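See below for query04.txt, which holds compact mmCIF, C-alpha atoms and all ligand atoms.
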```txt
# COMPACT_ATOMS: atom_id res chain seq x y z
CA MET A 152 50.12 -149.50 4.96
CA SER A 153 53.70 -150.21 6.08
CA THR A 154 56.72 -151.65 4.33
CA LEU A 155 59.84 -153.26 5.75
CA GLU A 156 62.55 -153.23 3.13
CA ILE A 157 65.77 -155.21 3.48
CA ARG A 158 68.32 -154.49 0.77
CA ASP A 159 71.57 -156.38 0.10
CA LEU A 160 72.08 -156.96 3.81
CA HIS A 161 75.51 -158.23 4.83
CA VAL A 162 76.09 -159.13 8.48
CA GLN A 163 79.04 -160.54 10.34
CA VAL A 164 79.14 -161.94 13.84
CA GLU A 165 81.95 -161.59 16.34
CA THR A 166 83.37 -165.01 17.25
CA LYS A 167 86.39 -166.07 19.32
CA GLU A 168 88.28 -166.63 16.07
CA GLY A 169 87.35 -163.15 14.82
CA PRO A 170 84.53 -161.81 12.65
CA LYS A 171 82.58 -164.34 10.58
CA GLN A 172 80.42 -163.37 7.60
CA ILE A 173 76.92 -164.85 7.97
CA LEU A 174 74.49 -162.86 5.84
CA ARG A 175 75.67 -162.37 2.26
CA GLY A 176 73.21 -160.06 0.55
CA VAL A 177 69.65 -160.55 1.80
CA ASP A 178 66.84 -158.87 -0.15
CA LEU A 179 63.29 -158.96 1.22
CA THR A 180 60.27 -156.68 1.19
CA VAL A 181 57.38 -157.20 3.62
CA ASN A 182 54.21 -155.14 3.25
CA SER A 183 51.30 -154.85 5.69
CA GLY A 184 48.93 -157.77 5.36
CA GLU A 185 51.54 -160.06 3.78
CA THR A 186 52.92 -163.21 5.35
CA HIS A 187 56.42 -164.22 4.30
CA ALA A 188 57.91 -167.51 5.43
CA ILE A 189 61.67 -167.75 5.67
CA MET A 190 62.67 -171.39 5.57
CA GLY A 191 66.03 -173.03 5.37
CA PRO A 192 68.44 -175.57 6.78
CA ASN A 193 70.00 -175.17 10.20
CA GLY A 194 72.85 -172.69 10.22
CA SER A 195 71.73 -170.86 7.07
CA GLY A 196 71.47 -167.54 8.91
CA LYS A 197 67.76 -167.24 9.66
CA SER A 198 68.21 -166.29 13.31
CA THR A 199 71.08 -164.00 12.36
CA LEU A 200 68.61 -162.05 10.23
CA ALA A 201 66.23 -161.81 13.21
CA TYR A 202 69.02 -160.66 15.55
CA SER A 203 70.23 -158.12 13.02
CA LEU A 204 66.73 -156.65 12.70
CA ALA A 205 66.51 -156.55 16.50
CA GLY A 206 69.79 -154.63 16.75
CA HIS A 207 71.68 -157.25 18.74
CA PRO A 208 75.17 -155.82 19.43
CA LYS A 209 76.97 -159.03 18.39
CA TYR A 210 75.69 -158.78 14.84
CA GLU A 211 77.43 -156.14 12.76
CA VAL A 212 75.85 -154.90 9.56
CA THR A 213 78.74 -154.42 7.14
CA SER A 214 76.66 -153.27 4.19
CA GLY A 215 73.11 -152.99 2.92
CA SER A 216 70.06 -151.31 4.41
CA VAL A 217 66.88 -151.93 6.38
CA THR A 218 64.06 -149.39 6.29
CA LEU A 219 60.57 -149.26 7.75
CA ASP A 220 58.38 -146.88 5.77
CA GLY A 221 61.54 -145.22 4.50
CA GLU A 222 63.08 -144.71 7.96
CA ASP A 223 66.52 -146.23 8.57
CA VAL A 224 65.95 -149.05 11.06
CA LEU A 225 69.67 -149.75 11.51
CA GLU A 226 70.16 -146.24 12.91
CA MET A 227 67.41 -146.75 15.49
CA SER A 228 67.90 -147.85 19.10
CA VAL A 229 66.19 -151.09 20.09
CA ASP A 230 63.39 -149.07 21.77
CA ALA A 231 62.97 -146.87 18.72
CA ARG A 232 62.53 -149.95 16.53
CA ALA A 233 59.61 -151.04 18.73
CA ARG A 234 58.10 -147.54 18.69
CA ALA A 235 58.38 -147.49 14.90
CA GLY A 236 56.18 -150.61 14.84
CA LEU A 237 58.64 -153.48 14.57
CA PHE A 238 58.04 -156.54 16.74
CA LEU A 239 60.81 -159.10 17.09
CA ALA A 240 60.32 -162.46 18.77
CA MET A 241 63.60 -164.30 19.14
CA GLN A 242 64.15 -168.04 18.94
CA TYR A 243 65.38 -168.01 22.56
CA PRO A 244 63.41 -165.36 24.51
CA VAL A 245 65.26 -163.71 27.41
CA GLU A 246 64.19 -163.93 31.04
CA VAL A 247 63.39 -160.71 32.87
CA PRO A 248 63.52 -161.64 36.57
CA GLY A 249 61.53 -159.39 38.89
CA VAL A 250 59.34 -157.93 36.14
CA SER A 251 55.86 -159.43 35.90
CA VAL A 252 54.23 -160.22 32.58
CA SER A 253 51.51 -157.69 33.42
CA ASN A 254 53.94 -154.86 34.23
CA PHE A 255 56.13 -155.65 31.26
CA LEU A 256 53.17 -155.48 28.89
CA ARG A 257 51.88 -152.20 30.32
CA SER A 258 55.34 -150.55 30.21
CA ALA A 259 55.92 -151.73 26.66
CA LYS A 260 52.48 -150.53 25.56
CA THR A 261 53.07 -147.14 27.21
CA ALA A 262 56.52 -146.77 25.62
CA ILE A 263 55.25 -147.70 22.16
CA ASP A 264 52.08 -145.56 22.20
CA GLY A 265 53.69 -142.63 24.02
CA GLU A 266 50.91 -142.70 26.65
CA ALA A 267 49.61 -145.16 29.20
CA PRO A 268 46.72 -147.33 28.01
CA LYS A 269 43.31 -146.56 29.55
CA LEU A 270 43.14 -148.87 32.51
CA ARG A 271 39.67 -150.36 32.08
CA THR A 272 39.97 -151.26 28.41
CA TRP A 273 43.56 -152.40 28.91
CA VAL A 274 42.70 -154.84 31.71
CA LYS A 275 39.85 -156.16 29.59
CA ASP A 276 42.10 -156.51 26.51
CA VAL A 277 44.79 -158.36 28.48
CA LYS A 278 42.24 -160.76 29.98
CA GLU A 279 40.67 -161.41 26.61
CA SER A 280 44.00 -162.11 24.88
CA MET A 281 45.14 -164.36 27.70
CA SER A 282 41.89 -166.27 27.56
CA ASN A 283 42.20 -166.62 23.76
CA LEU A 284 45.68 -168.04 24.23
CA ARG A 285 44.42 -170.38 26.99
CA MET A 286 46.73 -168.74 29.53
CA ASP A 287 45.77 -168.90 33.18
CA GLU A 288 45.23 -165.46 34.77
CA SER A 289 47.91 -166.17 37.37
CA PHE A 290 50.41 -166.09 34.52
CA ALA A 291 50.22 -162.27 34.47
CA GLU A 292 51.95 -162.06 37.86
CA ARG A 293 54.90 -164.28 36.99
CA SER A 294 58.32 -162.89 36.01
CA VAL A 295 58.76 -162.63 32.26
CA ASN A 296 60.00 -165.96 30.86
CA GLU A 297 61.46 -167.04 34.21
CA GLY A 298 60.87 -170.77 34.50
CA PHE A 299 58.44 -170.64 31.57
CA SER A 300 58.12 -173.82 29.55
CA GLY A 301 58.88 -173.58 25.83
CA GLY A 302 55.18 -173.37 25.06
CA GLU A 303 54.58 -170.67 27.70
CA LYS A 304 57.37 -168.54 26.24
CA LYS A 305 55.81 -168.74 22.81
CA ARG A 306 52.32 -167.91 24.11
CA ASN A 307 53.76 -164.96 25.99
CA GLU A 308 55.26 -163.67 22.74
CA ILE A 309 51.94 -163.93 20.96
CA LEU A 310 50.26 -162.18 23.91
CA GLN A 311 52.68 -159.30 23.35
CA LEU A 312 52.01 -159.38 19.63
CA GLU A 313 48.24 -159.14 20.15
CA LEU A 314 48.42 -156.32 22.68
CA LEU A 315 51.25 -154.18 21.28
CA LYS A 316 49.78 -154.19 17.76
CA PRO A 317 52.99 -153.75 15.74
CA LYS A 318 53.01 -152.99 12.01
CA ILE A 319 55.55 -155.67 11.10
CA ALA A 320 56.46 -158.74 13.17
CA VAL A 321 59.41 -161.08 12.85
CA LEU A 322 58.81 -164.43 14.58
CA ASP A 323 61.80 -166.77 14.82
CA GLU A 324 60.86 -170.45 15.23
CA THR A 325 57.64 -169.69 17.07
CA ASP A 326 56.64 -173.28 16.33
CA SER A 327 59.64 -174.94 17.95
CA GLY A 328 58.85 -177.08 20.96
CA LEU A 329 55.08 -176.71 20.65
CA ASP A 330 52.75 -179.69 20.73
CA VAL A 331 49.89 -179.77 18.24
CA ASP A 332 47.37 -178.07 20.54
CA ALA A 333 49.75 -175.27 21.54
CA LEU A 334 50.76 -174.80 17.90
CA ARG A 335 47.12 -174.33 16.93
CA ILE A 336 46.46 -171.85 19.77
CA VAL A 337 49.58 -169.83 18.98
CA SER A 338 48.79 -169.86 15.25
CA GLU A 339 45.23 -168.68 15.90
CA GLY A 340 46.71 -165.77 17.88
CA VAL A 341 48.96 -164.81 14.98
CA ASN A 342 46.06 -165.06 12.55
CA ARG A 343 43.92 -162.84 14.80
CA ALA A 344 46.68 -160.21 14.78
CA LYS A 345 46.81 -160.46 10.97
CA ASP A 346 43.04 -160.10 10.63
CA ASN A 347 42.60 -157.36 13.23
CA THR A 348 45.56 -155.13 12.46
CA GLY A 349 46.73 -155.99 8.95
CA LEU A 350 50.04 -157.13 10.39
CA GLY A 351 52.92 -157.80 8.00
CA LEU A 352 54.64 -161.00 9.03
CA LEU A 353 58.09 -162.50 8.58
CA LEU A 354 57.75 -166.04 9.85
CA ILE A 355 61.06 -167.86 10.28
CA THR A 356 60.76 -171.62 10.46
CA HIS A 357 62.78 -174.72 9.75
CA TYR A 358 59.68 -176.92 9.48
CA THR A 359 56.56 -176.58 7.36
CA ARG A 360 53.99 -177.62 9.96
CA ILE A 361 53.19 -174.09 11.24
CA LEU A 362 52.48 -173.10 7.63
CA ARG A 363 49.43 -175.38 7.68
CA TYR A 364 47.93 -172.99 10.22
CA ILE A 365 49.42 -169.68 9.07
CA LYS A 366 49.27 -169.53 5.27
CA PRO A 367 52.26 -167.77 3.72
CA ASP A 368 51.80 -165.55 0.67
CA PHE A 369 55.49 -165.90 -0.12
CA VAL A 370 58.15 -168.46 0.79
CA HIS A 371 61.86 -167.62 0.72
CA VAL A 372 64.46 -170.35 1.11
CA PHE A 373 67.58 -169.28 2.94
CA VAL A 374 70.85 -171.02 2.10
CA ALA A 375 74.31 -169.89 3.23
CA GLY A 376 73.21 -166.43 4.27
CA LYS A 377 70.95 -165.38 1.45
CA VAL A 378 67.71 -166.14 -0.33
CA ALA A 379 68.34 -169.03 -2.72
CA GLU A 380 64.81 -169.56 -4.01
CA GLU A 381 61.42 -167.86 -3.74
CA GLY A 382 57.88 -168.90 -4.44
CA GLY A 383 54.35 -169.13 -3.08
CA SER A 384 52.97 -171.55 -0.51
CA GLU A 385 53.49 -174.42 -2.97
CA LEU A 386 57.24 -174.06 -2.36
CA ALA A 387 56.69 -174.95 1.31
CA GLU A 388 54.79 -178.05 0.25
CA ARG A 389 57.64 -179.03 -2.03
CA LEU A 390 60.15 -178.57 0.82
CA GLU A 391 58.00 -180.71 3.06
CA ALA A 392 58.14 -183.51 0.51
CA GLU A 393 61.78 -183.13 -0.53
CA GLY A 394 63.60 -181.51 2.38
CA TYR A 395 66.53 -179.15 1.86
CA ASP A 396 68.84 -181.67 0.20
CA ARG A 397 68.80 -180.16 -3.26
CA PHE A 398 69.99 -176.83 -1.83
CA LEU A 399 72.88 -178.39 0.03
CA THR A 400 74.66 -180.38 -2.65
CA GLY A 401 78.01 -178.81 -3.26
CA THR A 402 78.11 -177.06 0.12
CA SER A 403 79.85 -178.31 3.22
CA ALA A 404 76.74 -178.06 5.42
P1 LIG B 501 69.74 -170.62 11.61
O1 LIG B 501 68.88 -169.76 12.48
O2 LIG B 501 69.35 -170.60 10.17
O3 LIG B 501 69.84 -172.02 12.13
P2 LIG B 501 71.89 -168.95 12.61
O4 LIG B 501 71.63 -167.57 12.13
O5 LIG B 501 71.57 -169.26 14.01
O6 LIG B 501 71.22 -170.00 11.62
O7 LIG B 501 73.44 -169.29 12.38
C1 LIG B 501 74.09 -169.10 11.12
C2 LIG B 501 75.55 -169.37 11.26
O8 LIG B 501 76.17 -168.35 12.02
C3 LIG B 501 75.89 -170.68 11.95
O9 LIG B 501 77.02 -171.23 11.33
C4 LIG B 501 76.18 -170.24 13.36
O10 LIG B 501 77.07 -171.11 13.99
C5 LIG B 501 76.81 -168.89 13.14
N1 LIG B 501 76.57 -167.97 14.27
C6 LIG B 501 75.41 -167.32 14.54
N2 LIG B 501 75.52 -166.58 15.65
C7 LIG B 501 76.76 -166.78 16.10
C8 LIG B 501 77.51 -166.29 17.24
N3 LIG B 501 76.95 -165.44 18.12
N4 LIG B 501 78.80 -166.71 17.38
C9 LIG B 501 79.35 -167.55 16.49
N5 LIG B 501 78.72 -168.04 15.42
C10 LIG B 501 77.45 -167.66 15.21
MG MG B 502 69.18 -173.05 14.08
MG MG B 503 67.65 -170.13 14.10
```
For this file, produce the structure as structure tokens.
Amino acid sequence: MSTLEIRDLHVQVETKEGPKQILRGVDLTVNSGETHAIMGPNGSGKSTLAYSLAGHPKYEVTSGSVTLDGEDVLEMSVDARARAGLFLAMQYPVEVPGVSVSNFLRSAKTAIDGEAPKLRTWVKDVKESMSNLRMDESFAERSVNEGFSGGEKKRNEILQLELLKPKIAVLDETDSGLDVDALRIVSEGVNRAKDNTGLGLLLITHYTRILRYIKPDFVHVFVAGKVAEEGGSELAERLEAEGYDRFLTGTSA
């Protein structure tokens, strides 16, 4: 049983005009086995939360805390965050030219587990996950994210999620740019990880459609850098019907 705890998180980003406050006191707790959806209008700071959890150097935490099972995540290097069991899939995944998907996965698995995976089971596991995600085997030899379509990038992330078996995963707009079939395949992969490993999930999304496939236990609505409203999956249904308008009256967004 793991717990990611975000307390009163304030984050500013470095811009050309100087530092800009984006997150203004985020409170969230994600336990193993729970799925939390973070929804909200564009520009409300959802990706900033993901970048902050990932330790992106542009995003400066000015106050608040993030812990994983009591350990201070903000003090950890990016690698240490992964070893501690955090998995972070960004809205715009980076390309890693010259490193194949297969080598990347094996290095990451080795770094996270502290030992190389046993070759025979590993090869079998990779093949099985790729087949589940309807990925052609030739995909394993391509450079990570280089020339990948939007859908391929997202499948590659879920492949990592299935094989690296993190405790808590943060997925930023995993649904963006996916057609209905790809969305279903990707969602099934996430649900397998939930069922098989008791993954705790922070699912960031602007739209509700992925939540038809991955049922959230909790929905948090982000507005202007903090959680403005919380509820169960019925809140997502309400947002689908009404949009974000009622949160935006009185703001400049
Ligand atoms: P969301 O993911 O909810 O659409 P973001 O976290 O991407 O929102 O952005 C929140 C706000 O912070 C926006 O106003 C955006 O322009 C600003 N912002 C985020 N990152 C940067 C950056 N690197 N430089 C300048 N502004 C940024
Ligand atoms: Mg956005
Ligand atoms: Mg975003």
key: Shortest interatomic distance to ligand LIG 501 (chain B) - which of A:Ser195, A:Ser228, A:Thr356, A:Gln172, counting only C-alpha atoms and all ligand atoms   = A:Ser195
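Between ligand LIG 501 (chain B) and the candidates A:Val321, A:Val277, A:Ala387, A:Ala375, the tightest atom-to-atom separation, counting only C-alpha atoms and all ligand atoms, involves A:Ala375.
For the atom pair formed by atom CA of Asp323 of chain A and atom CA of Ala201 of chain A, the distance is 6.8 Å, given to one decimal.
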key: Test item: residues no farther than 8 Å from ligand MG 502 (chain B), counting all atoms listed in the file, as a VMD selection string   = chain A and resid 192 to 198 357
message = Using Å and a single decimal, report how far atom CA of Ser253 of chain A sits from atom CA of Lys275 of chain A.
response = 12.4 Å
Using all atoms listed in the file, determine which residues lie at most 8 Å from segment 258-267 of chain A, disregarding the query and same-chain residues fewer than 4 positions distant; provide the list as a CSV table (one decimal) with C-alpha atoms, in the frame of the given file.
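File produced: out.csv:
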```csv
chain,number,residue,atom,x,y,z
A,233,ALA,CA,59.6,-151.0,18.7
A,234,ARG,CA,58.1,-147.5,18.7
A,235,ALA,CA,58.4,-147.5,14.9
A,236,GLY,CA,56.2,-150.6,14.8
A,254,ASN,CA,53.9,-154.9,34.2
A,314,LEU,CA,48.4,-156.3,22.7
A,315,LEU,CA,51.2,-154.2,21.3
```
task = Could you give me, as a PyMOL selection string, the residues that sit within 12 Å of (65.7, -163.3, 17.6) in the file's coordinates, counting all atoms listed in the file?
result = chain A and resi 196-207+210+238-245+308+320-325+353-355
task = Please work out which residues fall within 12 Å of (41.1, -168.3, 24.2), coordinates as given in the file, with only C-alpha atoms counting, and return them as a VMD selection string.
result = chain A and resid 277 to 288 306 310 333 335 to 340 343
Using C-alpha atoms, can you write the selected residues to a file as a short mmCIF file (atom, residue, chain, number, x, y, z; two decimals), keeping the file's coordinate frame?
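Writing the result to result.cif gives the following:
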```
data_model
loop_
_atom_site.label_atom_id
_atom_site.label_comp_id
_atom_site.auth_asym_id
_atom_site.auth_seq_id
_atom_site.Cartn_x
_atom_site.Cartn_y
_atom_site.Cartn_z
CA VAL A 277 44.79 -158.36 28.48
CA LYS A 278 42.24 -160.76 29.98
CA GLU A 279 40.67 -161.41 26.61
CA SER A 280 44.00 -162.11 24.88
CA MET A 281 45.14 -164.36 27.70
CA SER A 282 41.89 -166.27 27.56
CA ASN A 283 42.20 -166.62 23.76
CA LEU A 284 45.68 -168.04 24.23
CA ARG A 285 44.42 -170.38 26.99
CA MET A 286 46.73 -168.74 29.53
CA ASP A 287 45.77 -168.90 33.18
CA GLU A 288 45.23 -165.46 34.77
CA ARG A 306 52.32 -167.91 24.11
CA LEU A 310 50.26 -162.18 23.91
CA ALA A 333 49.75 -175.27 21.54
CA ARG A 335 47.12 -174.33 16.93
CA ILE A 336 46.46 -171.85 19.77
CA VAL A 337 49.58 -169.83 18.98
CA SER A 338 48.79 -169.86 15.25
CA GLU A 339 45.23 -168.68 15.90
CA GLY A 340 46.71 -165.77 17.88
CA ARG A 343 43.92 -162.84 14.80
#
```
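Atom CA of Thr180 of chain A is found 6.9 Å from atom CA of Thr154 of chain A.
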How would segment 154-170 of chain A read, as a PDB file, keeping the file's coordinate frame, once N, CA and C atoms are built in?
```pdb
ATOM      1  N   THR A 154      55.801-150.798   5.089  1.00  0.00           N
ATOM      2  CA  THR A 154      56.720-151.650   4.330  1.00  0.00           C
ATOM      3  C   THR A 154      58.059-151.754   5.039  1.00  0.00           C
ATOM      4  N   LEU A 155      58.477-152.995   5.271  1.00  0.00           N
ATOM      5  CA  LEU A 155      59.840-153.260   5.750  1.00  0.00           C
ATOM      6  C   LEU A 155      60.665-153.681   4.544  1.00  0.00           C
ATOM      7  N   GLU A 156      61.742-152.951   4.314  1.00  0.00           N
ATOM      8  CA  GLU A 156      62.550-153.230   3.130  1.00  0.00           C
ATOM      9  C   GLU A 156      63.985-153.560   3.543  1.00  0.00           C
ATOM     10  N   ILE A 157      64.405-154.759   3.183  1.00  0.00           N
ATOM     11  CA  ILE A 157      65.770-155.210   3.480  1.00  0.00           C
ATOM     12  C   ILE A 157      66.504-155.294   2.148  1.00  0.00           C
ATOM     13  N   ARG A 158      67.603-154.544   2.039  1.00  0.00           N
ATOM     14  CA  ARG A 158      68.320-154.490   0.770  1.00  0.00           C
ATOM     15  C   ARG A 158      69.774-154.902   0.920  1.00  0.00           C
ATOM     16  N   ASP A 159      70.168-155.966   0.209  1.00  0.00           N
ATOM     17  CA  ASP A 159      71.570-156.380   0.100  1.00  0.00           C
ATOM     18  C   ASP A 159      72.269-156.420   1.453  1.00  0.00           C
ATOM     19  N   LEU A 160      71.577-156.993   2.438  1.00  0.00           N
ATOM     20  CA  LEU A 160      72.080-156.960   3.810  1.00  0.00           C
ATOM     21  C   LEU A 160      73.222-157.951   4.024  1.00  0.00           C
ATOM     22  N   HIS A 161      74.338-157.423   4.473  1.00  0.00           N
ATOM     23  CA  HIS A 161      75.510-158.230   4.830  1.00  0.00           C
ATOM     24  C   HIS A 161      75.760-158.070   6.322  1.00  0.00           C
ATOM     25  N   VAL A 162      75.896-159.193   7.027  1.00  0.00           N
ATOM     26  CA  VAL A 162      76.090-159.130   8.480  1.00  0.00           C
ATOM     27  C   VAL A 162      77.197-160.100   8.886  1.00  0.00           C
ATOM     28  N   GLN A 163      78.053-159.634   9.764  1.00  0.00           N
ATOM     29  CA  GLN A 163      79.040-160.540  10.340  1.00  0.00           C
ATOM     30  C   GLN A 163      78.863-160.608  11.846  1.00  0.00           C
ATOM     31  N   VAL A 164      79.268-161.753  12.400  1.00  0.00           N
ATOM     32  CA  VAL A 164      79.140-161.940  13.840  1.00  0.00           C
ATOM     33  C   VAL A 164      80.543-162.065  14.421  1.00  0.00           C
ATOM     34  N   GLU A 165      80.675-161.534  15.626  1.00  0.00           N
ATOM     35  CA  GLU A 165      81.950-161.590  16.340  1.00  0.00           C
ATOM     36  C   GLU A 165      82.092-162.973  16.974  1.00  0.00           C
ATOM     37  N   THR A 166      83.124-163.706  16.615  1.00  0.00           N
ATOM     38  CA  THR A 166      83.370-165.010  17.250  1.00  0.00           C
ATOM     39  C   THR A 166      84.757-164.970  17.895  1.00  0.00           C
ATOM     40  N   LYS A 167      85.086-166.019  18.649  1.00  0.00           N
ATOM     41  CA  LYS A 167      86.390-166.070  19.320  1.00  0.00           C
ATOM     42  C   LYS A 167      87.515-166.032  18.302  1.00  0.00           C
ATOM     43  N   GLU A 168      87.246-166.607  17.121  1.00  0.00           N
ATOM     44  CA  GLU A 168      88.280-166.630  16.070  1.00  0.00           C
ATOM     45  C   GLU A 168      88.263-165.366  15.216  1.00  0.00           C
ATOM     46  N   GLY A 169      87.439-164.389  15.611  1.00  0.00           N
ATOM     47  CA  GLY A 169      87.350-163.150  14.820  1.00  0.00           C
ATOM     48  C   GLY A 169      86.013-163.055  14.118  1.00  0.00           C
ATOM     49  N   PRO A 170      85.833-162.013  13.299  1.00  0.00           N
ATOM     50  CA  PRO A 170      84.530-161.810  12.650  1.00  0.00           C
ATOM     51  C   PRO A 170      84.252-162.883  11.587  1.00  0.00           C
TER      52      PRO A 170
END
```
